$ cat protein.txt   # compact mmCIF, C-alpha atoms and all ligand atoms
# COMPACT_ATOMS: atom_id res chain seq x y z
CA MET Y 1 -9.46 -5.33 -19.19
CA ILE Y 2 -6.56 -2.91 -19.46
CA VAL Y 3 -7.18 0.69 -20.51
CA LEU Y 4 -4.20 2.78 -21.54
CA TYR Y 5 -4.78 6.40 -20.71
CA ASN Y 6 -2.77 8.83 -22.82
CA CYS Y 7 -1.63 12.05 -21.22
CA LEU Y 8 -2.01 13.83 -24.58
CA ALA Y 9 -5.76 13.55 -24.12
CA GLU Y 10 -5.46 15.93 -21.20
CA LYS Y 11 -5.95 19.53 -22.29
CA ASN Y 12 -3.46 20.95 -19.81
CA CYS Y 13 -0.67 18.58 -20.70
CA THR Y 14 2.09 20.58 -22.36
CA LYS Y 15 4.67 17.82 -22.69
CA GLY Y 16 5.80 16.90 -26.22
CA LEU Y 17 5.60 13.39 -27.60
CA ASN Y 18 9.33 12.73 -27.07
CA GLU Y 19 9.05 13.53 -23.40
CA MET Y 20 6.13 11.15 -22.86
CA PRO Y 21 7.62 8.38 -20.73
CA SER Y 22 4.59 6.14 -20.62
CA GLN Y 23 0.83 5.87 -20.43
CA LEU Y 24 -1.27 5.46 -17.34
CA ARG Y 25 -2.39 1.83 -17.10
CA ILE Y 26 -5.83 1.20 -15.69
CA TYR Y 27 -6.73 -2.41 -14.98
CA VAL Y 28 -10.38 -3.39 -14.62
CA PRO Y 29 -10.11 -7.08 -13.69
CA PRO Y 30 -12.92 -9.10 -15.31
CA HIS Y 31 -13.45 -11.12 -12.14
CA PRO Y 32 -16.96 -12.28 -11.12
CA LEU Y 33 -16.30 -11.62 -7.42
CA ILE Y 34 -15.25 -8.05 -8.17
CA LYS Y 35 -18.36 -7.49 -10.30
CA HIS Y 36 -20.54 -9.05 -7.60
CA TRP Y 37 -19.27 -6.91 -4.72
CA LEU Y 38 -19.35 -3.78 -6.88
CA GLY Y 39 -23.04 -4.46 -7.58
CA ILE Y 40 -23.73 -4.80 -3.85
CA ALA Y 41 -21.88 -1.54 -3.16
CA ARG Y 42 -23.72 0.37 -5.90
CA ASP Y 43 -27.21 -0.65 -4.73
CA LYS Y 44 -28.66 2.15 -2.63
CA ASN Y 45 -30.68 -0.38 -0.60
CA THR Y 46 -27.54 -2.14 0.67
CA PRO Y 47 -27.30 -1.54 4.43
CA SER Y 48 -24.12 -0.05 5.86
CA THR Y 49 -22.77 -3.31 7.36
CA LEU Y 50 -23.06 -5.12 4.02
CA PHE Y 51 -21.66 -2.10 2.16
CA LYS Y 52 -18.58 -2.28 4.39
CA THR Y 53 -18.25 -6.01 3.70
CA ALA Y 54 -18.39 -5.26 -0.04
CA MET Y 55 -15.59 -2.70 0.28
CA VAL Y 56 -13.45 -5.11 2.31
CA GLU Y 57 -13.95 -7.84 -0.32
CA LEU Y 58 -13.17 -5.42 -3.16
CA GLY Y 59 -10.00 -4.42 -1.30
CA ARG Y 60 -9.02 -8.07 -1.04
CA TRP Y 61 -9.65 -9.05 -4.67
CA LEU Y 62 -8.27 -5.88 -6.21
CA THR Y 63 -5.11 -6.29 -4.11
CA TYR Y 64 -4.87 -9.90 -5.28
CA GLU Y 65 -4.90 -8.63 -8.88
CA ALA Y 66 -2.56 -5.69 -8.20
CA ILE Y 67 0.25 -7.77 -6.68
CA ARG Y 68 0.26 -10.36 -9.46
CA GLU Y 69 3.70 -10.30 -11.13
CA TRP Y 70 4.61 -7.28 -8.99
CA LEU Y 71 6.03 -8.78 -5.83
CA PRO Y 72 9.53 -10.17 -6.36
CA THR Y 73 10.02 -13.84 -5.54
CA ILE Y 74 13.01 -16.00 -4.73
CA ASP Y 75 13.58 -19.72 -5.24
CA VAL Y 76 14.75 -21.59 -2.17
CA ASP Y 77 15.96 -25.17 -1.74
CA ILE Y 78 13.65 -27.02 0.64
CA GLU Y 79 12.93 -30.58 1.67
CA THR Y 80 9.43 -31.94 1.35
CA PRO Y 81 8.61 -34.97 3.53
CA LEU Y 82 9.62 -37.07 0.50
CA THR Y 83 12.55 -35.42 -1.25
CA ASP Y 84 14.58 -32.31 -2.02
CA SER Y 85 12.74 -29.64 -3.96
CA VAL Y 86 12.77 -25.96 -4.84
CA ALA Y 87 10.01 -23.65 -3.63
CA THR Y 88 9.17 -20.08 -4.60
CA PHE Y 89 8.58 -17.50 -1.86
CA ILE Y 90 7.94 -13.76 -1.76
CA ASP Y 91 11.37 -12.16 -1.37
CA PRO Y 92 11.58 -11.30 2.35
CA ASN Y 93 13.78 -8.29 1.51
CA THR Y 94 10.92 -6.58 -0.34
CA THR Y 95 9.58 -3.47 1.39
CA ILE Y 96 5.84 -3.06 0.97
CA ALA Y 97 3.87 -0.02 2.16
CA THR Y 98 0.09 0.29 2.20
CA ILE Y 99 -1.46 3.74 2.41
CA PRO Y 100 -5.21 3.90 3.15
CA ILE Y 101 -6.78 7.28 2.44
CA LEU Y 102 -9.12 7.90 5.40
CA ARG Y 103 -11.82 7.41 5.97
CA ALA Y 104 -13.21 5.24 3.18
CA GLY Y 105 -9.86 3.73 2.22
CA LEU Y 106 -9.74 1.96 5.59
CA THR Y 107 -12.33 -0.55 4.40
CA LEU Y 108 -10.31 -1.44 1.29
CA TRP Y 109 -7.21 -1.69 3.47
CA GLU Y 110 -8.94 -4.24 5.71
CA GLY Y 111 -9.21 -6.63 2.74
CA CYS Y 112 -5.74 -5.73 1.45
CA GLN Y 113 -3.97 -6.52 4.71
CA THR Y 114 -5.37 -10.06 4.81
CA LEU Y 115 -3.09 -10.71 1.81
CA LEU Y 116 -0.16 -8.54 2.91
CA PRO Y 117 -0.12 -8.80 6.71
CA LEU Y 118 3.57 -7.84 6.94
CA ALA Y 119 3.24 -4.61 4.92
CA THR Y 120 3.77 -1.36 6.79
CA THR Y 121 0.70 0.88 6.96
CA TYR Y 122 0.93 4.66 6.71
CA HIS Y 123 -2.40 6.46 7.28
CA LEU Y 124 -3.32 9.58 5.35
CA GLY Y 125 -6.51 11.38 6.40
CA LEU Y 126 -8.03 13.59 3.71
CA VAL Y 127 -11.40 15.27 3.49
CA ARG Y 128 -13.05 17.26 0.70
CA ASN Y 129 -14.58 20.65 1.36
CA GLU Y 130 -18.22 20.04 0.40
CA GLU Y 131 -18.49 23.35 -1.46
CA THR Y 132 -15.11 23.86 -3.13
CA LEU Y 133 -14.41 20.08 -3.38
CA GLU Y 134 -10.82 20.85 -2.46
CA ALA Y 135 -9.05 18.15 -0.44
CA SER Y 136 -7.32 18.97 2.84
CA CYS Y 137 -5.24 16.81 5.15
CA TYR Y 138 -6.03 16.19 8.83
CA LEU Y 139 -3.67 13.24 9.46
CA ASN Y 140 -0.35 12.50 7.80
CA LYS Y 141 1.53 9.45 9.09
CA LEU Y 142 3.78 9.09 6.03
CA PRO Y 143 7.42 8.27 6.84
CA ILE Y 144 10.12 10.95 6.64
CA LYS Y 145 11.52 9.13 3.60
CA PHE Y 146 10.48 5.97 1.72
CA LYS Y 147 13.28 3.57 0.76
CA ASP Y 148 14.00 3.89 -3.00
CA ASP Y 149 12.54 0.49 -3.90
CA THR Y 150 9.50 0.51 -1.61
CA ARG Y 151 6.46 -0.92 -3.33
CA ILE Y 152 3.49 1.25 -2.41
CA LEU Y 153 -0.22 0.44 -2.58
CA ILE Y 154 -2.58 3.41 -2.16
CA LEU Y 155 -6.15 2.51 -1.19
CA ASP Y 156 -8.86 5.05 -2.02
CA PRO Y 157 -12.25 3.78 -3.23
CA MET Y 158 -13.36 6.89 -5.13
CA LEU Y 159 -11.24 8.74 -7.71
CA ALA Y 160 -13.66 11.57 -8.54
CA THR Y 161 -12.43 15.13 -9.17
CA GLY Y 162 -8.95 13.79 -8.43
CA GLY Y 163 -8.19 16.37 -5.73
CA SER Y 164 -7.67 13.76 -3.00
CA ILE Y 165 -5.56 11.29 -4.98
CA MET Y 166 -3.39 14.10 -6.40
CA PHE Y 167 -2.86 15.44 -2.88
CA ALA Y 168 -1.88 11.94 -1.74
CA MET Y 169 0.45 11.32 -4.71
CA ASN Y 170 2.19 14.67 -4.26
CA GLU Y 171 2.80 14.00 -0.56
CA ILE Y 172 4.05 10.47 -1.20
CA VAL Y 173 6.41 11.59 -3.98
CA LYS Y 174 7.71 14.40 -1.72
CA LYS Y 175 8.67 11.68 0.75
CA GLY Y 176 10.63 9.76 -1.88
CA GLY Y 177 7.88 7.44 -3.18
CA ASN Y 178 8.66 6.40 -6.77
CA PRO Y 179 5.54 6.54 -9.05
CA ASP Y 180 6.97 3.56 -11.00
CA PHE Y 181 6.59 1.49 -7.81
CA ILE Y 182 3.15 2.80 -6.83
CA ARG Y 183 -0.17 1.06 -7.53
CA ILE Y 184 -3.54 2.61 -6.74
CA ILE Y 185 -6.51 0.49 -5.71
CA SER Y 186 -9.91 2.11 -6.16
CA VAL Y 187 -13.48 0.91 -6.57
CA VAL Y 188 -14.82 3.51 -9.00
CA ALA Y 189 -12.62 5.83 -11.05
CA ALA Y 190 -13.85 8.80 -13.09
CA PRO Y 191 -12.29 10.75 -15.98
CA PRO Y 192 -11.32 13.96 -14.13
CA ALA Y 193 -9.15 12.04 -11.65
CA LEU Y 194 -7.69 9.80 -14.37
CA GLN Y 195 -6.81 12.81 -16.52
CA LYS Y 196 -4.95 14.49 -13.65
CA LEU Y 197 -3.05 11.32 -12.76
CA SER Y 198 -2.20 10.70 -16.39
CA ALA Y 199 -0.89 14.24 -16.86
CA HIS Y 200 1.32 14.22 -13.76
CA TYR Y 201 2.13 10.57 -13.02
CA PRO Y 202 1.85 8.65 -16.33
CA SER Y 203 3.85 5.65 -15.09
CA LEU Y 204 1.22 4.75 -12.47
CA ASN Y 205 -0.81 1.55 -12.50
CA ILE Y 206 -4.41 1.71 -11.26
CA TYR Y 207 -6.57 -1.27 -10.29
CA THR Y 208 -10.26 -0.44 -10.17
CA ALA Y 209 -13.56 -2.34 -10.23
CA MET Y 210 -15.03 0.13 -12.76
CA ILE Y 211 -14.47 3.33 -14.69
CA ASP Y 212 -17.62 5.48 -14.51
CA GLU Y 213 -18.56 8.15 -16.99
CA GLN Y 214 -18.83 11.36 -15.06
CA VAL Y 215 -18.66 13.44 -11.93
CA ASN Y 216 -21.71 15.61 -11.20
CA ASP Y 217 -21.71 19.26 -10.09
CA SER Y 218 -21.65 18.19 -6.42
CA GLY Y 219 -18.48 16.15 -6.99
CA TYR Y 220 -20.16 12.71 -6.92
CA ILE Y 221 -19.33 10.00 -9.42
CA VAL Y 222 -22.32 8.96 -11.58
CA PRO Y 223 -23.58 6.24 -11.50
CA GLY Y 224 -21.05 5.73 -8.67
CA LEU Y 225 -22.03 4.41 -5.27
CA GLY Y 226 -22.73 7.56 -3.26
CA ASP Y 227 -20.63 8.70 -0.31
CA ALA Y 228 -18.22 5.84 0.32
CA GLY Y 229 -17.09 7.11 3.74
CA ASP Y 230 -20.59 7.68 5.09
CA ARG Y 231 -21.91 4.39 3.74
CA SER Y 232 -18.91 2.46 5.13
CA PHE Y 233 -19.25 3.84 8.62
CA GLY Y 234 -23.02 4.44 8.84
CA THR Y 235 -22.67 8.19 9.28
CA ASN Y 236 -25.14 9.35 6.60
C1 LIG Q 1 -14.00 10.64 -0.62
C2 LIG Q 1 -13.26 9.42 -1.12
C3 LIG Q 1 -12.02 10.01 -1.75
C4 LIG Q 1 -12.48 11.38 -2.18
C5 LIG Q 1 -12.51 11.41 -3.68
O1 LIG Q 1 -13.51 11.09 0.59
O2 LIG Q 1 -13.01 8.49 -0.11
O3 LIG Q 1 -10.92 10.10 -0.86
O4 LIG Q 1 -13.79 11.58 -1.65
O5 LIG Q 1 -12.97 12.61 -4.17
P1 LIG Q 1 -12.10 13.56 -5.09
O6 LIG Q 1 -11.47 12.72 -6.14
O7 LIG Q 1 -13.10 14.52 -5.66
O8 LIG Q 1 -11.08 14.25 -4.22
P2 LIG Q 1 -14.29 12.15 1.50
O9 LIG Q 1 -13.68 13.51 1.35
O10 LIG Q 1 -15.76 12.04 1.25
O11 LIG Q 1 -13.92 11.66 2.97
P3 LIG Q 1 -14.39 10.34 3.74
O12 LIG Q 1 -13.70 9.18 3.09
O13 LIG Q 1 -13.93 10.60 5.13
O14 LIG Q 1 -15.90 10.26 3.65
N1 LIG Q 2 -16.40 10.67 -2.79
C1 LIG Q 2 -17.37 9.75 -2.58
O1 LIG Q 2 -17.46 9.18 -1.48
N2 LIG Q 2 -18.23 9.48 -3.58
C2 LIG Q 2 -18.14 10.06 -4.78
O2 LIG Q 2 -18.96 9.75 -5.66
C3 LIG Q 2 -17.14 11.01 -4.99
C4 LIG Q 2 -16.27 11.29 -3.98

$ encode --input "protein.txt" --output "structure tokens" --more "lines below"
Ligand code: PRP
Ligand code: URA
Amino acid sequence: MIVLYNCLAEKNCTKGLNEMPSQLRIYVPPHPLIKHWLGIARDKNTPSTLFKTAMVELGRWLTYEAIREWLPTIDVDIETPLTDSVATFIDPNTTIATIPILRAGLTLWEGCQTLLPLATTYHLGLVRNEETLEASCYLNKLPIKFKDDTRILILDPMLATGGSIMFAMNEIVKKGGNPDFIRIISVVAAPPALQKLSAHYPSLNIYTAMIDEQVNDSGYIVPGLGDAGDRSFGTN
């Protein structure tokens, strides 16, 4: 399923129609494995070890969907044991960066890197203040400057109030990341985060297992899956 999210729906968006470059694209792949692992992750009775497995698998399958028709390929003449042929390979000149948002994004990254083992990984550690829900950064391993055509995958399972993903996007763009070349992989996305992304980065593509309806007063997505970091690492 593809949902097009229009920035005009966002109250604070002051841009006129002519200036609207594009709409945020949110892909919710209708894949049975993605549905299955989301169900495991949502269930409050799932133990931490299995929860982590679910996040790793979601990272793998959502990455599989996100890189479809995104990674450039080249055709190369080869010889099979029987004859000459032409084979298609991922262009080795493509620069791919993966950015897990710590802590919970590390579990998605684990699945992602099984498909993209040669991608460079830049860690970004963010944590929300439990009262103000504001995100702050405790680790920033982003490069000084991304190459212009770097394809960037951001891995953050929960897009809730949007504070964390907006912080991450702003930092990445400051370092030369091009929103047209950025894809976000999340497990559950909620309207406040999608509205902020749509208003500020409308050319983004998001791959998520589900869009949930709301964020409660404590900043948790409902129905959601609880605290993704704590459940991934058994710290609750
Ligand atoms: C969680 C989650 C996101 C963030 C989303 O991180 O992994 O990064 O909350 O919430 P937001 O959209 O309201 O900013 P958390 O701060 O709980 O840190 P953790 O991953 O270390 O548990
Ligand atoms: N962070 C989480 O881990 N869960 C939520 O529901 C929202 C933010």

$ closest_atom_pairs --input "protein.txt" --of "chain Y" --to "ligand LIG 1 (chain Q)" --cutoff "10 Å" --atoms "only C-alpha atoms and all ligand atoms" --output "JSON lines"
{"residue": "Y:Pro100", "atom": "CA", "partner": "Q:LIG1", "partner_atom": "O3", "distance": 9.3}
{"residue": "Y:Ile101", "atom": "CA", "partner": "Q:LIG1", "partner_atom": "O3", "distance": 6.0}
{"residue": "Y:Leu102", "atom": "CA", "partner": "Q:LIG1", "partner_atom": "O12", "distance": 5.3}
{"residue": "Y:Arg103", "atom": "CA", "partner": "Q:LIG1", "partner_atom": "O12", "distance": 3.9}
{"residue": "Y:Ala104", "atom": "CA", "partner": "Q:LIG1", "partner_atom": "O12", "distance": 4.0}
{"residue": "Y:Gly105", "atom": "CA", "partner": "Q:LIG1", "partner_atom": "O2", "distance": 6.2}
{"residue": "Y:Leu106", "atom": "CA", "partner": "Q:LIG1", "partner_atom": "O12", "distance": 8.6}
{"residue": "Y:Thr107", "atom": "CA", "partner": "Q:LIG1", "partner_atom": "O12", "distance": 9.9}
{"residue": "Y:Leu124", "atom": "CA", "partner": "Q:LIG1", "partner_atom": "O3", "distance": 9.8}
{"residue": "Y:Gly125", "atom": "CA", "partner": "Q:LIG1", "partner_atom": "O13", "distance": 7.6}
{"residue": "Y:Leu126", "atom": "CA", "partner": "Q:LIG1", "partner_atom": "O9", "distance": 6.1}
{"residue": "Y:Val127", "atom": "CA", "partner": "Q:LIG1", "partner_atom": "O9", "distance": 3.6}
{"residue": "Y:Arg128", "atom": "CA", "partner": "Q:LIG1", "partner_atom": "O9", "distance": 3.9}
{"residue": "Y:Asn129", "atom": "CA", "partner": "Q:LIG1", "partner_atom": "O9", "distance": 7.2}
{"residue": "Y:Glu130", "atom": "CA", "partner": "Q:LIG1", "partner_atom": "O9", "distance": 8.0}
{"residue": "Y:Thr132", "atom": "CA", "partner": "Q:LIG1", "partner_atom": "O7", "distance": 9.9}
{"residue": "Y:Leu133", "atom": "CA", "partner": "Q:LIG1", "partner_atom": "O7", "distance": 6.2}
{"residue": "Y:Glu134", "atom": "CA", "partner": "Q:LIG1", "partner_atom": "O8", "distance": 6.8}
{"residue": "Y:Ala135", "atom": "CA", "partner": "Q:LIG1", "partner_atom": "O8", "distance": 5.8}
{"residue": "Y:Ser136", "atom": "CA", "partner": "Q:LIG1", "partner_atom": "O9", "distance": 8.5}
{"residue": "Y:Cys137", "atom": "CA", "partner": "Q:LIG1", "partner_atom": "O9", "distance": 9.8}
{"residue": "Y:Leu155", "atom": "CA", "partner": "Q:LIG1", "partner_atom": "O3", "distance": 9.0}
{"residue": "Y:Asp156", "atom": "CA", "partner": "Q:LIG1", "partner_atom": "O3", "distance": 5.6}
{"residue": "Y:Pro157", "atom": "CA", "partner": "Q:LIG1", "partner_atom": "O2", "distance": 5.7}
{"residue": "Y:Met158", "atom": "CA", "partner": "Q:LIG1", "partner_atom": "C2", "distance": 4.7}
{"residue": "Y:Leu159", "atom": "CA", "partner": "Q:LIG1", "partner_atom": "O6", "distance": 4.3}
{"residue": "Y:Ala160", "atom": "CA", "partner": "Q:LIG1", "partner_atom": "O6", "distance": 3.4}
{"residue": "Y:Thr161", "atom": "CA", "partner": "Q:LIG1", "partner_atom": "O7", "distance": 3.6}
{"residue": "Y:Gly162", "atom": "CA", "partner": "Q:LIG1", "partner_atom": "O6", "distance": 3.6}
{"residue": "Y:Gly163", "atom": "CA", "partner": "Q:LIG1", "partner_atom": "O8", "distance": 3.9}
{"residue": "Y:Ser164", "atom": "CA", "partner": "Q:LIG1", "partner_atom": "O8", "distance": 3.7}
{"residue": "Y:Ile165", "atom": "CA", "partner": "Q:LIG1", "partner_atom": "O6", "distance": 6.2}
{"residue": "Y:Met166", "atom": "CA", "partner": "Q:LIG1", "partner_atom": "O8", "distance": 8.0}
{"residue": "Y:Phe167", "atom": "CA", "partner": "Q:LIG1", "partner_atom": "O8", "distance": 8.4}
{"residue": "Y:Ala168", "atom": "CA", "partner": "Q:LIG1", "partner_atom": "O3", "distance": 9.3}
{"residue": "Y:Ser186", "atom": "CA", "partner": "Q:LIG1", "partner_atom": "C3", "distance": 9.3}
{"residue": "Y:Val187", "atom": "CA", "partner": "Q:LIG1", "partner_atom": "O2", "distance": 10.0}
{"residue": "Y:Val188", "atom": "CA", "partner": "Q:LIG1", "partner_atom": "C5", "distance": 9.8}
{"residue": "Y:Ala189", "atom": "CA", "partner": "Q:LIG1", "partner_atom": "O6", "distance": 8.5}
{"residue": "Y:Ala190", "atom": "CA", "partner": "Q:LIG1", "partner_atom": "O6", "distance": 8.3}
{"residue": "Y:Pro192", "atom": "CA", "partner": "Q:LIG1", "partner_atom": "O6", "distance": 8.1}
{"residue": "Y:Ala193", "atom": "CA", "partner": "Q:LIG1", "partner_atom": "O6", "distance": 6.0}
{"residue": "Y:Leu194", "atom": "CA", "partner": "Q:LIG1", "partner_atom": "O6", "distance": 9.5}
{"residue": "Y:Val215", "atom": "CA", "partner": "Q:LIG1", "partner_atom": "O7", "distance": 8.4}
{"residue": "Y:Ser218", "atom": "CA", "partner": "Q:LIG1", "partner_atom": "O7", "distance": 9.3}
{"residue": "Y:Gly219", "atom": "CA", "partner": "Q:LIG1", "partner_atom": "O7", "distance": 5.8}
{"residue": "Y:Tyr220", "atom": "CA", "partner": "Q:LIG1", "partner_atom": "O7", "distance": 7.4}
{"residue": "Y:Ile221", "atom": "CA", "partner": "Q:LIG1", "partner_atom": "O7", "distance": 8.6}
{"residue": "Y:Gly226", "atom": "CA", "partner": "Q:LIG1", "partner_atom": "O10", "distance": 9.4}
{"residue": "Y:Asp227", "atom": "CA", "partner": "Q:LIG1", "partner_atom": "O10", "distance": 6.1}
{"residue": "Y:Ala228", "atom": "CA", "partner": "Q:LIG1", "partner_atom": "O2", "distance": 5.9}
{"residue": "Y:Gly229", "atom": "CA", "partner": "Q:LIG1", "partner_atom": "O14", "distance": 3.4}
{"residue": "Y:Asp230", "atom": "CA", "partner": "Q:LIG1", "partner_atom": "O14", "distance": 5.5}
{"residue": "Y:Arg231", "atom": "CA", "partner": "Q:LIG1", "partner_atom": "O14", "distance": 8.4}
{"residue": "Y:Ser232", "atom": "CA", "partner": "Q:LIG1", "partner_atom": "O14", "distance": 8.5}
{"residue": "Y:Phe233", "atom": "CA", "partner": "Q:LIG1", "partner_atom": "O14", "distance": 8.8}
{"residue": "Y:Thr235", "atom": "CA", "partner": "Q:LIG1", "partner_atom": "O14", "distance": 9.0}
{"residue": "Y:Asn236", "atom": "CA", "partner": "Q:LIG1", "partner_atom": "O14", "distance": 9.7}

$ write_last_selection --input "protein.txt" --atoms "C-alpha atoms" --output "PDB file, in the frame of the given file"
ATOM      1  CA  PRO Y 100      -5.210   3.900   3.150  1.00  0.00           C
ATOM      2  CA  ILE Y 101      -6.780   7.280   2.440  1.00  0.00           C
ATOM      3  CA  LEU Y 102      -9.120   7.900   5.400  1.00  0.00           C
ATOM      4  CA  ARG Y 103     -11.820   7.410   5.970  1.00  0.00           C
ATOM      5  CA  ALA Y 104     -13.210   5.240   3.180  1.00  0.00           C
ATOM      6  CA  GLY Y 105      -9.860   3.730   2.220  1.00  0.00           C
ATOM      7  CA  LEU Y 106      -9.740   1.960   5.590  1.00  0.00           C
ATOM      8  CA  THR Y 107     -12.330  -0.550   4.400  1.00  0.00           C
ATOM      9  CA  LEU Y 124      -3.320   9.580   5.350  1.00  0.00           C
ATOM     10  CA  GLY Y 125      -6.510  11.380   6.400  1.00  0.00           C
ATOM     11  CA  LEU Y 126      -8.030  13.590   3.710  1.00  0.00           C
ATOM     12  CA  VAL Y 127     -11.400  15.270   3.490  1.00  0.00           C
ATOM     13  CA  ARG Y 128     -13.050  17.260   0.700  1.00  0.00           C
ATOM     14  CA  ASN Y 129     -14.580  20.650   1.360  1.00  0.00           C
ATOM     15  CA  GLU Y 130     -18.220  20.040   0.400  1.00  0.00           C
ATOM     16  CA  THR Y 132     -15.110  23.860  -3.130  1.00  0.00           C
ATOM     17  CA  LEU Y 133     -14.410  20.080  -3.380  1.00  0.00           C
ATOM     18  CA  GLU Y 134     -10.820  20.850  -2.460  1.00  0.00           C
ATOM     19  CA  ALA Y 135      -9.050  18.150  -0.440  1.00  0.00           C
ATOM     20  CA  SER Y 136      -7.320  18.970   2.840  1.00  0.00           C
ATOM     21  CA  CYS Y 137      -5.240  16.810   5.150  1.00  0.00           C
ATOM     22  CA  LEU Y 155      -6.150   2.510  -1.190  1.00  0.00           C
ATOM     23  CA  ASP Y 156      -8.860   5.050  -2.020  1.00  0.00           C
ATOM     24  CA  PRO Y 157     -12.250   3.780  -3.230  1.00  0.00           C
ATOM     25  CA  MET Y 158     -13.360   6.890  -5.130  1.00  0.00           C
ATOM     26  CA  LEU Y 159     -11.240   8.740  -7.710  1.00  0.00           C
ATOM     27  CA  ALA Y 160     -13.660  11.570  -8.540  1.00  0.00           C
ATOM     28  CA  THR Y 161     -12.430  15.130  -9.170  1.00  0.00           C
ATOM     29  CA  GLY Y 162      -8.950  13.790  -8.430  1.00  0.00           C
ATOM     30  CA  GLY Y 163      -8.190  16.370  -5.730  1.00  0.00           C
ATOM     31  CA  SER Y 164      -7.670  13.760  -3.000  1.00  0.00           C
ATOM     32  CA  ILE Y 165      -5.560  11.290  -4.980  1.00  0.00           C
ATOM     33  CA  MET Y 166      -3.390  14.100  -6.400  1.00  0.00           C
ATOM     34  CA  PHE Y 167      -2.860  15.440  -2.880  1.00  0.00           C
ATOM     35  CA  ALA Y 168      -1.880  11.940  -1.740  1.00  0.00           C
ATOM     36  CA  SER Y 186      -9.910   2.110  -6.160  1.00  0.00           C
ATOM     37  CA  VAL Y 187     -13.480   0.910  -6.570  1.00  0.00           C
ATOM     38  CA  VAL Y 188     -14.820   3.510  -9.000  1.00  0.00           C
ATOM     39  CA  ALA Y 189     -12.620   5.830 -11.050  1.00  0.00           C
ATOM     40  CA  ALA Y 190     -13.850   8.800 -13.090  1.00  0.00           C
ATOM     41  CA  PRO Y 192     -11.320  13.960 -14.130  1.00  0.00           C
ATOM     42  CA  ALA Y 193      -9.150  12.040 -11.650  1.00  0.00           C
ATOM     43  CA  LEU Y 194      -7.690   9.800 -14.370  1.00  0.00           C
ATOM     44  CA  VAL Y 215     -18.660  13.440 -11.930  1.00  0.00           C
ATOM     45  CA  SER Y 218     -21.650  18.190  -6.420  1.00  0.00           C
ATOM     46  CA  GLY Y 219     -18.480  16.150  -6.990  1.00  0.00           C
ATOM     47  CA  TYR Y 220     -20.160  12.710  -6.920  1.00  0.00           C
ATOM     48  CA  ILE Y 221     -19.330  10.000  -9.420  1.00  0.00           C
ATOM     49  CA  GLY Y 226     -22.730   7.560  -3.260  1.00  0.00           C
ATOM     50  CA  ASP Y 227     -20.630   8.700  -0.310  1.00  0.00           C
ATOM     51  CA  ALA Y 228     -18.220   5.840   0.320  1.00  0.00           C
ATOM     52  CA  GLY Y 229     -17.090   7.110   3.740  1.00  0.00           C
ATOM     53  CA  ASP Y 230     -20.590   7.680   5.090  1.00  0.00           C
ATOM     54  CA  ARG Y 231     -21.910   4.390   3.740  1.00  0.00           C
ATOM     55  CA  SER Y 232     -18.910   2.460   5.130  1.00  0.00           C
ATOM     56  CA  PHE Y 233     -19.250   3.840   8.620  1.00  0.00           C
ATOM     57  CA  THR Y 235     -22.670   8.190   9.280  1.00  0.00           C
ATOM     58  CA  ASN Y 236     -25.140   9.350   6.600  1.00  0.00           C
TER      59      ASN Y 236
END

$ atom_distance --input "protein.txt" --atom1 "atom N2 of ligand LIG 2 (chain Q)" --atom2 "CA of His36 (chain Y)"
19.1 Å

$ residues_around --input "protein.txt" --residues "Lys145 (chain Y)" --least-positions-apart "6" --cutoff "9 Å" --atoms "all atoms listed in the file" --output "PyMOL selection string"
chain Y and resi 172+174-177

$ write_last_selection --input "protein.txt" --atoms "C-alpha atoms" --output "mmCIF file, keeping the file's coordinate frame"
data_model
loop_
_atom_site.group_PDB
_atom_site.id
_atom_site.type_symbol
_atom_site.label_atom_id
_atom_site.label_comp_id
_atom_site.auth_asym_id
_atom_site.auth_seq_id
_atom_site.Cartn_x
_atom_site.Cartn_y
_atom_site.Cartn_z
ATOM 1 C CA ILE Y 172 4.050 10.470 -1.200
ATOM 2 C CA LYS Y 174 7.710 14.400 -1.720
ATOM 3 C CA LYS Y 175 8.670 11.680 0.750
ATOM 4 C CA GLY Y 176 10.630 9.760 -1.880
ATOM 5 C CA GLY Y 177 7.880 7.440 -3.180
#

$ closest_residue --input "protein.txt" --among "Y:Ile184, Y:Ala41, Y:Arg60, Y:Met169" --to "ligand LIG 2 (chain Q)" --atoms "all atoms listed in the file"
Y:Ala41

$ residues_around --input "protein.txt" --residues "region 64-81 of chain Y" --least-positions-apart "6" --cutoff "6 Å" --atoms "all atoms listed in the file" --output "PyMOL selection string"
chain Y and resi 87-91

$ atom_distance --input "protein.txt" --atom1 "CA of Ala209 (chain Y)" --atom2 "CA of Pro47 (chain Y)"
20.1 Å

$ axis_aligned_box --input "protein.txt" --around "ligand LIG 2 (chain Q)" --padding-each-side "6 Å" --output "JSON"
{"center_x": -17.6, "center_y": 10.2, "center_z": -3.6, "size_x": 14.7, "size_y": 14.1, "size_z": 16.2}

$ residues_near_point --input "protein.txt" --point "(-8.4, -4.2, 0.2)" --cutoff "9 Å" --atoms "all atoms listed in the file" --output "list in words"
Met55, Val56, Glu57, Leu58, Gly59, Arg60, Trp61, Leu62, Thr63, Tyr64, Gly105, Leu106, Thr107, Leu108, Trp109, Glu110, Gly111, Cys112, Gln113, Thr114, Leu115, Leu155 and Ile185 of chain Y

$ atom_distance --input "protein.txt" --atom1 "CA of Leu225 (chain Y)" --atom2 "CA of Pro191 (chain Y)"
15.8 Å
